[in-house]
Amino acid sequence: APPPLGLGAIFFRPAGMNTRPSLGEEKVIVEAADFFTDAFWAGKVGGGVKELIDFQRKSIRKQQVQEFRRRYGTKMSKNDGDRRSELLITTNGEGELMGCAGLEVDRIPATSLTDSKTMTYAPLMSNLAVGNKFRRRGIAEELVKKAEELARKEWGCDECYLYVEKRNKPAIKLYGKLGYRKVWEDASARTLIPNESGGLQNAGTTIVCMKKKMGGLFSF
């Protein structure tokens with residue numbers, strides 16, 4: 001069984017673990033979207049089936065590939081040298097994809113997802129997922145660390161935000177441990193949940209916005 005999250009994860013890190021940016025490469029984007037479909041959506045916290053049937057997987061994968069292309073692909077920015085958006089992937093020594101996380105400068109509302117009056121431009125971390133058999137090995141912490149380094153050292157930002165479902169208590173606990181603090185909650189959010197009947201249910205959820213002050217050259 002995997003060791004408990006914490007110091008033990010350091011000693012059980014997969015051999016040859018490497019985290020790198022995708023740089024918008026189409027092959028990497030598609031592979032990561034395929035990986036994310038199973039790593040995140042199968043056994044989704046808060047409900048859902050442990051294994052996706054073909055219809056669910058094909059439907060979710062199609063949407064996921066489109067989303068990853070839009071957010072992290074080379075066509076998302078006119079200036080590829082300063083894209084302000086990146087998908088990080090973590091592989092082991094055999095080149096097997098173990099985890100991914102996205103980072104992009106986005107508009108962060110001050111009080112809720114629907115608040116369009118007061119916005120802050122800052123790095124937003126999202127789409128963090130770790131393959132089931134690689135969990136509790138320090139991979140999530142590694143991805144968060146690398147995302148923060150990118151935001152701070154390369155983009156010169158001093159803050160990083162993320163959204164997480166309130167019912168995903170393990171994730172909230174991890175982010176809190178890594179220095180993130182709650183900014184607001186929004187109980188009007190919606191999410192997809194793969195259900196036992198083979199469909200995709202649009203269900204309500206509460207989103208928690210969290211922020212970490214990192215220190216950097218400047219902020220948006």
# chains A, B, ... in the order shown; residues from 1 in each chain; ligands from 1
>>> residues_around(residues="Leu192 (chain A)", least_positions_apart="4", cutoff="8 Å", atoms="only C-alpha atoms", output="VMD selection string")
chain A and resid 200 to 203
>>> write_last_selection(atoms="all heavy atoms", output="PDB file, in the first residue's frame")
ATOM      1  N   LEU A 200     -23.723  11.196 -17.994  1.00  0.00           N
ATOM      2  CA  LEU A 200     -22.972  12.241 -17.319  1.00  0.00           C
ATOM      3  C   LEU A 200     -23.972  13.193 -16.680  1.00  0.00           C
ATOM      4  O   LEU A 200     -24.758  13.834 -17.374  1.00  0.00           O
ATOM      5  CB  LEU A 200     -22.078  12.992 -18.311  1.00  0.00           C
ATOM      6  CG  LEU A 200     -21.014  12.153 -19.021  1.00  0.00           C
ATOM      7  CD1 LEU A 200     -20.332  12.960 -20.106  1.00  0.00           C
ATOM      8  CD2 LEU A 200     -19.979  11.645 -18.013  1.00  0.00           C
ATOM      9  N   GLN A 201     -23.943  13.280 -15.387  1.00  0.00           N
ATOM     10  CA  GLN A 201     -24.894  14.092 -14.646  1.00  0.00           C
ATOM     11  C   GLN A 201     -24.320  15.468 -14.353  1.00  0.00           C
ATOM     12  O   GLN A 201     -23.179  15.609 -13.896  1.00  0.00           O
ATOM     13  CB  GLN A 201     -25.243  13.396 -13.334  1.00  0.00           C
ATOM     14  CG  GLN A 201     -26.189  14.177 -12.441  1.00  0.00           C
ATOM     15  CD  GLN A 201     -26.420  13.469 -11.124  1.00  0.00           C
ATOM     16  OE1 GLN A 201     -25.995  12.326 -10.937  1.00  0.00           O
ATOM     17  NE2 GLN A 201     -27.094  14.142 -10.198  1.00  0.00           N
ATOM     18  N   ASN A 202     -25.122  16.504 -14.625  1.00  0.00           N
ATOM     19  CA  ASN A 202     -24.739  17.870 -14.297  1.00  0.00           C
ATOM     20  C   ASN A 202     -25.237  18.150 -12.884  1.00  0.00           C
ATOM     21  O   ASN A 202     -26.440  18.249 -12.647  1.00  0.00           O
ATOM     22  CB  ASN A 202     -25.358  18.852 -15.301  1.00  0.00           C
ATOM     23  CG  ASN A 202     -24.790  20.254 -15.153  1.00  0.00           C
ATOM     24  OD1 ASN A 202     -24.631  20.752 -14.046  1.00  0.00           O
ATOM     25  ND2 ASN A 202     -24.497  20.884 -16.281  1.00  0.00           N
ATOM     26  N   ALA A 203     -24.315  18.266 -11.938  1.00  0.00           N
ATOM     27  CA  ALA A 203     -24.703  18.383 -10.537  1.00  0.00           C
ATOM     28  C   ALA A 203     -24.135  19.642  -9.901  1.00  0.00           C
ATOM     29  O   ALA A 203     -23.121  20.188 -10.347  1.00  0.00           O
ATOM     30  CB  ALA A 203     -24.214  17.157  -9.765  1.00  0.00           C
TER      31      ALA A 203
END
>>> residues_around(residues="region 175-184 of chain A", least_positions_apart="2", cutoff="6 Å", atoms="only C-alpha atoms", output="PyMOL selection string")
chain A and resi 111+172-173+208-212
>>> write_last_selection(atoms="all heavy atoms", output="mmCIF file, in the first residue's frame")
data_model
loop_
_atom_site.group_PDB
_atom_site.id
_atom_site.type_symbol
_atom_site.label_atom_id
_atom_site.label_comp_id
_atom_site.auth_asym_id
_atom_site.auth_seq_id
_atom_site.Cartn_x
_atom_site.Cartn_y
_atom_site.Cartn_z
ATOM 1 N N THR A 111 -15.086 37.701 -5.120
ATOM 2 C CA THR A 111 -15.997 37.128 -4.128
ATOM 3 C C THR A 111 -16.658 35.816 -4.536
ATOM 4 O O THR A 111 -17.074 35.042 -3.678
ATOM 5 C CB THR A 111 -17.123 38.129 -3.793
ATOM 6 O OG1 THR A 111 -17.860 38.440 -4.996
ATOM 7 C CG2 THR A 111 -16.547 39.421 -3.225
ATOM 8 N N ILE A 172 -8.055 19.786 -0.362
ATOM 9 C CA ILE A 172 -8.042 21.012 0.440
ATOM 10 C C ILE A 172 -7.012 20.905 1.557
ATOM 11 O O ILE A 172 -6.287 21.865 1.853
ATOM 12 C CB ILE A 172 -9.446 21.291 1.016
ATOM 13 C CG1 ILE A 172 -10.388 21.708 -0.123
ATOM 14 C CG2 ILE A 172 -9.388 22.378 2.079
ATOM 15 C CD1 ILE A 172 -11.808 21.969 0.320
ATOM 16 N N LYS A 173 -6.918 19.730 2.157
ATOM 17 C CA LYS A 173 -5.935 19.517 3.217
ATOM 18 C C LYS A 173 -4.517 19.645 2.671
ATOM 19 O O LYS A 173 -3.649 20.276 3.298
ATOM 20 C CB LYS A 173 -6.133 18.133 3.839
ATOM 21 C CG LYS A 173 -5.186 17.839 4.988
ATOM 22 C CD LYS A 173 -5.466 16.472 5.589
ATOM 23 C CE LYS A 173 -4.505 16.170 6.727
ATOM 24 N NZ LYS A 173 -4.768 14.819 7.319
ATOM 25 N N VAL A 208 -14.249 26.191 -3.817
ATOM 26 C CA VAL A 208 -13.458 26.987 -2.890
ATOM 27 C C VAL A 208 -12.296 27.601 -3.655
ATOM 28 O O VAL A 208 -11.556 26.900 -4.352
ATOM 29 C CB VAL A 208 -12.912 26.123 -1.728
ATOM 30 C CG1 VAL A 208 -12.058 26.977 -0.792
ATOM 31 C CG2 VAL A 208 -14.053 25.462 -0.966
ATOM 32 N N CYS A 209 -12.159 28.915 -3.549
ATOM 33 C CA CYS A 209 -11.025 29.608 -4.146
ATOM 34 C C CYS A 209 -9.954 29.748 -3.068
ATOM 35 O O CYS A 209 -10.229 30.220 -1.962
ATOM 36 C CB CYS A 209 -11.448 30.990 -4.655
ATOM 37 S SG CYS A 209 -10.081 32.021 -5.264
ATOM 38 N N MET A 210 -8.718 29.325 -3.377
ATOM 39 C CA MET A 210 -7.616 29.407 -2.421
ATOM 40 C C MET A 210 -6.457 30.188 -3.038
ATOM 41 O O MET A 210 -6.285 30.198 -4.256
ATOM 42 C CB MET A 210 -7.163 27.998 -2.011
ATOM 43 C CG MET A 210 -8.266 27.133 -1.437
ATOM 44 S SD MET A 210 -7.705 25.479 -0.874
ATOM 45 C CE MET A 210 -6.904 25.920 0.676
ATOM 46 N N LYS A 211 -5.682 30.830 -2.183
ATOM 47 C CA LYS A 211 -4.574 31.667 -2.658
ATOM 48 C C LYS A 211 -3.347 31.474 -1.788
ATOM 49 O O LYS A 211 -3.446 31.242 -0.591
ATOM 50 C CB LYS A 211 -4.983 33.145 -2.614
ATOM 51 C CG LYS A 211 -3.885 34.116 -3.033
ATOM 52 C CD LYS A 211 -4.353 35.564 -2.999
ATOM 53 C CE LYS A 211 -4.400 36.111 -1.602
ATOM 54 N NZ LYS A 211 -4.636 37.589 -1.584
ATOM 55 N N LYS A 212 -2.179 31.593 -2.428
ATOM 56 C CA LYS A 212 -0.911 31.544 -1.701
ATOM 57 C C LYS A 212 -0.059 32.734 -2.096
ATOM 58 O O LYS A 212 0.090 33.037 -3.276
ATOM 59 C CB LYS A 212 -0.157 30.246 -2.015
ATOM 60 C CG LYS A 212 1.201 30.140 -1.316
ATOM 61 C CD LYS A 212 1.872 28.811 -1.617
ATOM 62 C CE LYS A 212 3.230 28.697 -0.941
ATOM 63 N NZ LYS A 212 3.862 27.384 -1.196
#
>>> select_by_dssp(residues="region 8-219 of chain A", states="alpha helix (DSSP H)", output="number ranges by chain")
A: 8-11, 26-36, 54-72, 139-149, 169-177
>>> closest_atom_pairs(of="region 44-98 of chain A", to="region 136-151 of chain A", cutoff="8 Å", atoms="only C-alpha atoms", output="CSV")
residue,atom,partner,partner_atom,distance
A:Leu88,CA,A:Leu143,CA,7.2
A:Ile89,CA,A:Leu143,CA,7.8
A:Thr90,CA,A:Leu143,CA,7.4
A:Met98,CA,A:Ile139,CA,7.7
>>> write_last_selection(atoms="all heavy atoms", output="PDB file, in the first residue's frame")
ATOM      1  N   LEU A  88       2.047  21.335 -17.105  1.00  0.00           N
ATOM      2  CA  LEU A  88       3.191  20.599 -16.578  1.00  0.00           C
ATOM      3  C   LEU A  88       2.844  19.117 -16.490  1.00  0.00           C
ATOM      4  O   LEU A  88       1.733  18.755 -16.096  1.00  0.00           O
ATOM      5  CB  LEU A  88       3.567  21.115 -15.191  1.00  0.00           C
ATOM      6  CG  LEU A  88       3.927  22.600 -15.097  1.00  0.00           C
ATOM      7  CD1 LEU A  88       4.069  23.013 -13.639  1.00  0.00           C
ATOM      8  CD2 LEU A  88       5.216  22.875 -15.858  1.00  0.00           C
ATOM      9  N   ILE A  89       3.788  18.281 -16.853  1.00  0.00           N
ATOM     10  CA  ILE A  89       3.575  16.834 -16.756  1.00  0.00           C
ATOM     11  C   ILE A  89       4.713  16.199 -15.966  1.00  0.00           C
ATOM     12  O   ILE A  89       5.858  16.658 -16.033  1.00  0.00           O
ATOM     13  CB  ILE A  89       3.475  16.165 -18.154  1.00  0.00           C
ATOM     14  CG1 ILE A  89       4.771  16.364 -18.942  1.00  0.00           C
ATOM     15  CG2 ILE A  89       2.288  16.714 -18.928  1.00  0.00           C
ATOM     16  CD1 ILE A  89       4.859  15.508 -20.186  1.00  0.00           C
ATOM     17  N   THR A  90       4.381  15.173 -15.217  1.00  0.00           N
ATOM     18  CA  THR A  90       5.374  14.442 -14.437  1.00  0.00           C
ATOM     19  C   THR A  90       5.427  12.996 -14.924  1.00  0.00           C
ATOM     20  O   THR A  90       4.394  12.329 -15.005  1.00  0.00           O
ATOM     21  CB  THR A  90       5.029  14.469 -12.935  1.00  0.00           C
ATOM     22  OG1 THR A  90       5.046  15.819 -12.471  1.00  0.00           O
ATOM     23  CG2 THR A  90       6.049  13.668 -12.137  1.00  0.00           C
ATOM     24  N   MET A  98       2.605  10.229 -14.932  1.00  0.00           N
ATOM     25  CA  MET A  98       2.115   9.980 -13.579  1.00  0.00           C
ATOM     26  C   MET A  98       1.204  11.094 -13.060  1.00  0.00           C
ATOM     27  O   MET A  98       0.393  10.874 -12.176  1.00  0.00           O
ATOM     28  CB  MET A  98       3.289   9.809 -12.611  1.00  0.00           C
ATOM     29  CG  MET A  98       4.235   8.675 -12.963  1.00  0.00           C
ATOM     30  SD  MET A  98       5.459   8.390 -11.655  1.00  0.00           S
ATOM     31  CE  MET A  98       6.383   9.939 -11.714  1.00  0.00           C
TER      32      MET A  98
END
>>> closest_residue(among="A:Phe40, A:Glu31, A:Val49, A:Lys133", to="Glu196 (chain A)", atoms="only C-alpha atoms")
A:Val49
>>> atom_distance(atom1="CA of Arg71 (chain A)", atom2="CA of Gly102 (chain A)")
8.5 Å
>>> atom_distance(atom1="CA of Gly43 (chain A)", atom2="CA of Asn195 (chain A)")
10.2 Å
>>> residues_around(residues="Gly46 (chain A)", least_positions_apart="6", cutoff="10 Å", atoms="only C-alpha atoms", output="number ranges by chain")
A: 165-169, 193, 205
>>> write_last_selection(atoms="all heavy atoms", output="compact mmCIF listing (two decimals), in the first residue's frame")
# COMPACT_ATOMS: atom_id res chain seq x y z
N GLU A 165 -13.11 21.73 -5.34
CA GLU A 165 -14.44 21.44 -4.80
C GLU A 165 -14.33 21.26 -3.28
O GLU A 165 -13.43 20.58 -2.79
CB GLU A 165 -15.02 20.20 -5.45
CG GLU A 165 -15.43 20.40 -6.90
CD GLU A 165 -16.22 19.22 -7.45
OE1 GLU A 165 -17.32 18.95 -6.91
OE2 GLU A 165 -15.74 18.58 -8.39
N LYS A 166 -15.29 21.83 -2.56
CA LYS A 166 -15.27 21.78 -1.10
C LYS A 166 -15.31 20.36 -0.57
O LYS A 166 -14.71 20.05 0.46
CB LYS A 166 -16.45 22.59 -0.55
CG LYS A 166 -16.44 22.74 0.96
CD LYS A 166 -17.57 23.63 1.44
CE LYS A 166 -17.53 23.82 2.95
NZ LYS A 166 -18.62 24.72 3.42
N ARG A 167 -16.01 19.46 -1.29
CA ARG A 167 -16.11 18.08 -0.83
C ARG A 167 -14.83 17.28 -1.05
O ARG A 167 -14.70 16.16 -0.56
CB ARG A 167 -17.29 17.39 -1.50
CG ARG A 167 -17.24 17.40 -3.01
CD ARG A 167 -18.57 16.96 -3.59
NE ARG A 167 -18.69 17.17 -5.01
CZ ARG A 167 -19.84 17.11 -5.67
NH1 ARG A 167 -20.95 16.80 -5.03
NH2 ARG A 167 -19.88 17.33 -6.97
N ASN A 168 -13.89 17.85 -1.79
CA ASN A 168 -12.61 17.17 -2.01
C ASN A 168 -11.67 17.51 -0.85
O ASN A 168 -10.70 18.25 -0.98
CB ASN A 168 -11.99 17.62 -3.33
CG ASN A 168 -10.84 16.73 -3.76
OD1 ASN A 168 -10.29 15.96 -2.95
ND2 ASN A 168 -10.43 16.83 -5.00
N LYS A 169 -11.98 16.95 0.30
CA LYS A 169 -11.27 17.28 1.53
C LYS A 169 -9.78 16.92 1.49
O LYS A 169 -8.94 17.66 2.01
CB LYS A 169 -11.95 16.62 2.73
CG LYS A 169 -13.37 17.13 2.96
CD LYS A 169 -13.98 16.57 4.22
CE LYS A 169 -15.43 17.01 4.38
NZ LYS A 169 -15.59 18.46 4.40
N ILE A 193 -20.69 14.63 -13.29
CA ILE A 193 -20.42 13.42 -12.51
C ILE A 193 -20.83 12.21 -13.35
O ILE A 193 -22.00 12.08 -13.71
CB ILE A 193 -21.19 13.40 -11.19
CG1 ILE A 193 -20.72 14.54 -10.28
CG2 ILE A 193 -21.01 12.06 -10.48
CD1 ILE A 193 -21.43 14.59 -8.94
N THR A 205 -22.30 21.89 -6.97
CA THR A 205 -21.14 21.70 -6.10
C THR A 205 -20.72 23.04 -5.54
O THR A 205 -21.15 24.09 -6.02
CB THR A 205 -19.96 21.04 -6.86
OG1 THR A 205 -18.94 20.67 -5.93
CG2 THR A 205 -19.36 22.01 -7.88
>>> closest_residue(among="A:Glu104, A:Asp115, A:Ala32, A:Thr19", to="Cys157 (chain A)", atoms="only C-alpha atoms")
A:Glu104
>>> residues_around(residues="Ser126 (chain A)", least_positions_apart="3", cutoff="9 Å", atoms="only C-alpha atoms", output="PyMOL selection string")
chain A and resi 101-104+161-164
>>> write_last_selection(atoms="all heavy atoms", output="PDB file, in the first residue's frame")
ATOM      1  N   ALA A 101      -0.575  19.128 -14.269  1.00  0.00           N
ATOM      2  CA  ALA A 101      -1.183  20.316 -13.659  1.00  0.00           C
ATOM      3  C   ALA A 101      -1.043  21.469 -14.629  1.00  0.00           C
ATOM      4  O   ALA A 101      -0.010  21.622 -15.288  1.00  0.00           O
ATOM      5  CB  ALA A 101      -0.513  20.656 -12.330  1.00  0.00           C
ATOM      6  N   GLY A 102      -2.083  22.282 -14.725  1.00  0.00           N
ATOM      7  CA  GLY A 102      -2.060  23.437 -15.608  1.00  0.00           C
ATOM      8  C   GLY A 102      -1.877  24.726 -14.826  1.00  0.00           C
ATOM      9  O   GLY A 102      -2.238  24.822 -13.651  1.00  0.00           O
ATOM     10  N   LEU A 103      -1.294  25.724 -15.491  1.00  0.00           N
ATOM     11  CA  LEU A 103      -1.112  27.037 -14.892  1.00  0.00           C
ATOM     12  C   LEU A 103      -1.299  28.083 -15.974  1.00  0.00           C
ATOM     13  O   LEU A 103      -0.733  27.972 -17.060  1.00  0.00           O
ATOM     14  CB  LEU A 103       0.296  27.170 -14.286  1.00  0.00           C
ATOM     15  CG  LEU A 103       0.555  28.452 -13.500  1.00  0.00           C
ATOM     16  CD1 LEU A 103      -0.210  28.437 -12.177  1.00  0.00           C
ATOM     17  CD2 LEU A 103       2.052  28.627 -13.239  1.00  0.00           C
ATOM     18  N   GLU A 104      -2.102  29.093 -15.679  1.00  0.00           N
ATOM     19  CA  GLU A 104      -2.325  30.160 -16.648  1.00  0.00           C
ATOM     20  C   GLU A 104      -2.700  31.442 -15.919  1.00  0.00           C
ATOM     21  O   GLU A 104      -3.302  31.406 -14.850  1.00  0.00           O
ATOM     22  CB  GLU A 104      -3.439  29.777 -17.621  1.00  0.00           C
ATOM     23  CG  GLU A 104      -4.775  29.497 -16.948  1.00  0.00           C
ATOM     24  CD  GLU A 104      -5.772  28.845 -17.882  1.00  0.00           C
ATOM     25  OE1 GLU A 104      -5.905  29.295 -19.022  1.00  0.00           O
ATOM     26  OE2 GLU A 104      -6.423  27.867 -17.445  1.00  0.00           O
ATOM     27  N   TYR A 161      -3.327  31.221  -7.389  1.00  0.00           N
ATOM     28  CA  TYR A 161      -4.679  30.851  -6.996  1.00  0.00           C
ATOM     29  C   TYR A 161      -5.013  29.449  -7.509  1.00  0.00           C
ATOM     30  O   TYR A 161      -4.363  28.926  -8.421  1.00  0.00           O
ATOM     31  CB  TYR A 161      -5.695  31.822  -7.581  1.00  0.00           C
ATOM     32  CG  TYR A 161      -5.717  33.199  -6.966  1.00  0.00           C
ATOM     33  CD1 TYR A 161      -4.743  34.139  -7.285  1.00  0.00           C
ATOM     34  CD2 TYR A 161      -6.729  33.574  -6.076  1.00  0.00           C
ATOM     35  CE1 TYR A 161      -4.770  35.420  -6.736  1.00  0.00           C
ATOM     36  CE2 TYR A 161      -6.776  34.850  -5.520  1.00  0.00           C
ATOM     37  CZ  TYR A 161      -5.791  35.762  -5.852  1.00  0.00           C
ATOM     38  OH  TYR A 161      -5.835  37.028  -5.312  1.00  0.00           O
ATOM     39  N   LEU A 162      -6.054  28.872  -6.928  1.00  0.00           N
ATOM     40  CA  LEU A 162      -6.599  27.612  -7.427  1.00  0.00           C
ATOM     41  C   LEU A 162      -8.046  27.498  -6.998  1.00  0.00           C
ATOM     42  O   LEU A 162      -8.483  28.150  -6.041  1.00  0.00           O
ATOM     43  CB  LEU A 162      -5.779  26.423  -6.927  1.00  0.00           C
ATOM     44  CG  LEU A 162      -5.663  26.183  -5.416  1.00  0.00           C
ATOM     45  CD1 LEU A 162      -6.859  25.388  -4.867  1.00  0.00           C
ATOM     46  CD2 LEU A 162      -4.369  25.453  -5.086  1.00  0.00           C
ATOM     47  N   TYR A 163      -8.802  26.677  -7.727  1.00  0.00           N
ATOM     48  CA  TYR A 163     -10.175  26.338  -7.368  1.00  0.00           C
ATOM     49  C   TYR A 163     -10.223  24.847  -7.031  1.00  0.00           C
ATOM     50  O   TYR A 163      -9.612  24.023  -7.712  1.00  0.00           O
ATOM     51  CB  TYR A 163     -11.142  26.606  -8.519  1.00  0.00           C
ATOM     52  CG  TYR A 163     -11.226  28.044  -8.987  1.00  0.00           C
ATOM     53  CD1 TYR A 163     -11.440  28.338 -10.328  1.00  0.00           C
ATOM     54  CD2 TYR A 163     -11.112  29.101  -8.091  1.00  0.00           C
ATOM     55  CE1 TYR A 163     -11.529  29.657 -10.769  1.00  0.00           C
ATOM     56  CE2 TYR A 163     -11.199  30.416  -8.516  1.00  0.00           C
ATOM     57  CZ  TYR A 163     -11.405  30.692  -9.854  1.00  0.00           C
ATOM     58  OH  TYR A 163     -11.490  31.993 -10.286  1.00  0.00           O
ATOM     59  N   VAL A 164     -10.984  24.503  -6.011  1.00  0.00           N
ATOM     60  CA  VAL A 164     -11.128  23.107  -5.625  1.00  0.00           C
ATOM     61  C   VAL A 164     -12.535  22.896  -5.076  1.00  0.00           C
ATOM     62  O   VAL A 164     -13.099  23.799  -4.439  1.00  0.00           O
ATOM     63  CB  VAL A 164     -10.057  22.703  -4.580  1.00  0.00           C
ATOM     64  CG1 VAL A 164     -10.164  23.557  -3.326  1.00  0.00           C
ATOM     65  CG2 VAL A 164     -10.149  21.231  -4.232  1.00  0.00           C
TER      66      VAL A 164
END
>>> decode(residues="region 94-122 of chain A", atoms="C-alpha atoms", output="short mmCIF file (atom, residue, chain, number, x, y, z; two decimals), in the first residue's frame")
data_model
loop_
_atom_site.label_atom_id
_atom_site.label_comp_id
_atom_site.auth_asym_id
_atom_site.auth_seq_id
_atom_site.Cartn_x
_atom_site.Cartn_y
_atom_site.Cartn_z
CA GLU A 94 10.28 4.77 -17.95
CA GLY A 95 8.51 7.77 -19.45
CA GLU A 96 5.15 6.82 -17.98
CA LEU A 97 2.86 9.78 -17.30
CA MET A 98 2.11 9.98 -13.58
CA GLY A 99 0.56 13.42 -13.10
CA CYS A 100 -0.24 16.77 -14.66
CA ALA A 101 -1.18 20.32 -13.66
CA GLY A 102 -2.06 23.44 -15.61
CA LEU A 103 -1.11 27.04 -14.89
CA GLU A 104 -2.33 30.16 -16.65
CA VAL A 105 -2.73 33.84 -15.93
CA ASP A 106 -6.47 34.39 -15.65
CA ARG A 107 -9.04 36.74 -14.20
CA ILE A 108 -9.76 35.82 -10.57
CA PRO A 109 -13.07 37.19 -9.20
CA ALA A 110 -12.96 38.77 -5.74
CA THR A 111 -16.00 37.13 -4.13
CA SER A 112 -17.45 34.32 -6.31
CA LEU A 113 -17.36 32.74 -9.77
CA THR A 114 -20.15 35.08 -10.88
CA ASP A 115 -18.52 38.27 -9.57
CA SER A 116 -17.53 40.22 -12.68
CA LYS A 117 -17.06 43.60 -11.01
CA THR A 118 -13.75 43.08 -9.23
CA MET A 119 -11.11 40.98 -10.94
CA THR A 120 -7.47 40.20 -10.22
CA TYR A 121 -5.12 38.99 -12.95
CA ALA A 122 -2.96 36.25 -11.46
#
